[in-house]
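Trainee: Questions regarding the structure given below will be posed in turn.
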Amino acid sequence: MANEESNAQAAGIDVGTPAAPTVDWDDSEMRSTYANVVNASSTREEVTLFFGTNQTWNPTKAREFHVRLTDRIVLNPHAAKRLWVLVGAILGEYESRFGKLDVEGLATSAAKAAAAAKGGNGKKAQAPAAGKAD
């Protein structure tokens, strides 16, 4: 046995360390869609992401927006966390190359949530869902 291990090490094979699996990405049924609106909801067991496009022709005059939802992705919380980490890394790389992204309403909503949390009402404040205006 020891002789087999020394032969494997001499051949450049790392003994005792499992090899990382190779992933075969099958894109034969993949489709591409465009979304400029995203929202999310969750339960204890799943995270649901909704994707769509804003159909409002003149958003400066509109008091109501029409969004055509095209895709719903349902993930378990572990897959959602991996997606969160992956998207965060991608956006970090994007911002280091092209500059900081400012998303309308998010800074204002976060500030309001922080102020409400400090208000002493005993309830933990929640930021509004992504994609919803104040």
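Chain labels run A, B, ... following the order of the structure tokens; each chain numbers its residues from 1, and ligands are numbered from 1 in the order shown.
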Just list as a ChimeraX atom specification whatever in stretch 25-126 of chain A DSSP marks as alpha helix (DSSP H).
Mentor: /A:77-98,106-117
Trainee: Mind the document's chain letters and residue numbers, and return as a list of chain:residue names the residues of stretch 35-104 of chain A that DSSP labels strand (DSSP E or B).
Mentor: A:Val37, A:Val38, A:Asn39, A:Ala40, A:Ser41, A:Ser42, A:Val47, A:Thr48, A:Leu49, A:Phe50, A:Phe51, A:Gly52, A:Thr53, A:Asn54, A:Val67, A:Arg68, A:Leu69, A:Thr70, A:Asp71, A:Arg72, A:Ile73, A:Val74, A:Leu75
Trainee: Dump C-alpha atoms for the selected residues as a PDB file, in the first residue's frame?
Mentor:
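Result file is out-v3.pdb:
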ATOM      1  CA  VAL A  37     -37.491  44.995 -13.050  1.00  0.00           C
ATOM      2  CA  VAL A  38     -36.878  42.453 -10.307  1.00  0.00           C
ATOM      3  CA  ASN A  39     -38.660  41.709  -7.058  1.00  0.00           C
ATOM      4  CA  ALA A  40     -38.430  38.956  -4.489  1.00  0.00           C
ATOM      5  CA  SER A  41     -40.343  37.247  -1.719  1.00  0.00           C
ATOM      6  CA  SER A  42     -39.507  34.453   0.670  1.00  0.00           C
ATOM      7  CA  VAL A  47     -36.868  32.380  -2.013  1.00  0.00           C
ATOM      8  CA  THR A  48     -38.795  33.483  -5.081  1.00  0.00           C
ATOM      9  CA  LEU A  49     -37.406  35.954  -7.605  1.00  0.00           C
ATOM     10  CA  PHE A  50     -39.696  37.691 -10.108  1.00  0.00           C
ATOM     11  CA  PHE A  51     -38.313  39.193 -13.324  1.00  0.00           C
ATOM     12  CA  GLY A  52     -40.076  41.392 -15.853  1.00  0.00           C
ATOM     13  CA  THR A  53     -40.028  44.518 -17.977  1.00  0.00           C
ATOM     14  CA  ASN A  54     -41.504  47.917 -17.281  1.00  0.00           C
ATOM     15  CA  VAL A  67     -44.738  45.619 -15.343  1.00  0.00           C
ATOM     16  CA  ARG A  68     -45.008  42.465 -17.453  1.00  0.00           C
ATOM     17  CA  LEU A  69     -43.628  39.606 -15.363  1.00  0.00           C
ATOM     18  CA  THR A  70     -41.939  37.032 -17.565  1.00  0.00           C
ATOM     19  CA  ASP A  71     -40.022  34.725 -15.244  1.00  0.00           C
ATOM     20  CA  ARG A  72     -40.260  33.393 -11.706  1.00  0.00           C
ATOM     21  CA  ILE A  73     -37.300  31.566 -10.215  1.00  0.00           C
ATOM     22  CA  VAL A  74     -37.851  29.599  -7.005  1.00  0.00           C
ATOM     23  CA  LEU A  75     -34.719  28.711  -5.006  1.00  0.00           C
TER      24      LEU A  75
END
Trainee: So what do you get for atom CA of A:Arg44 versus atom CA of A:His78, distance-wise?
Mentor: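 Atom-to-atom, atom CA of A:Arg44 and atom CA of A:His78 are spaced 11.3 Å apart.
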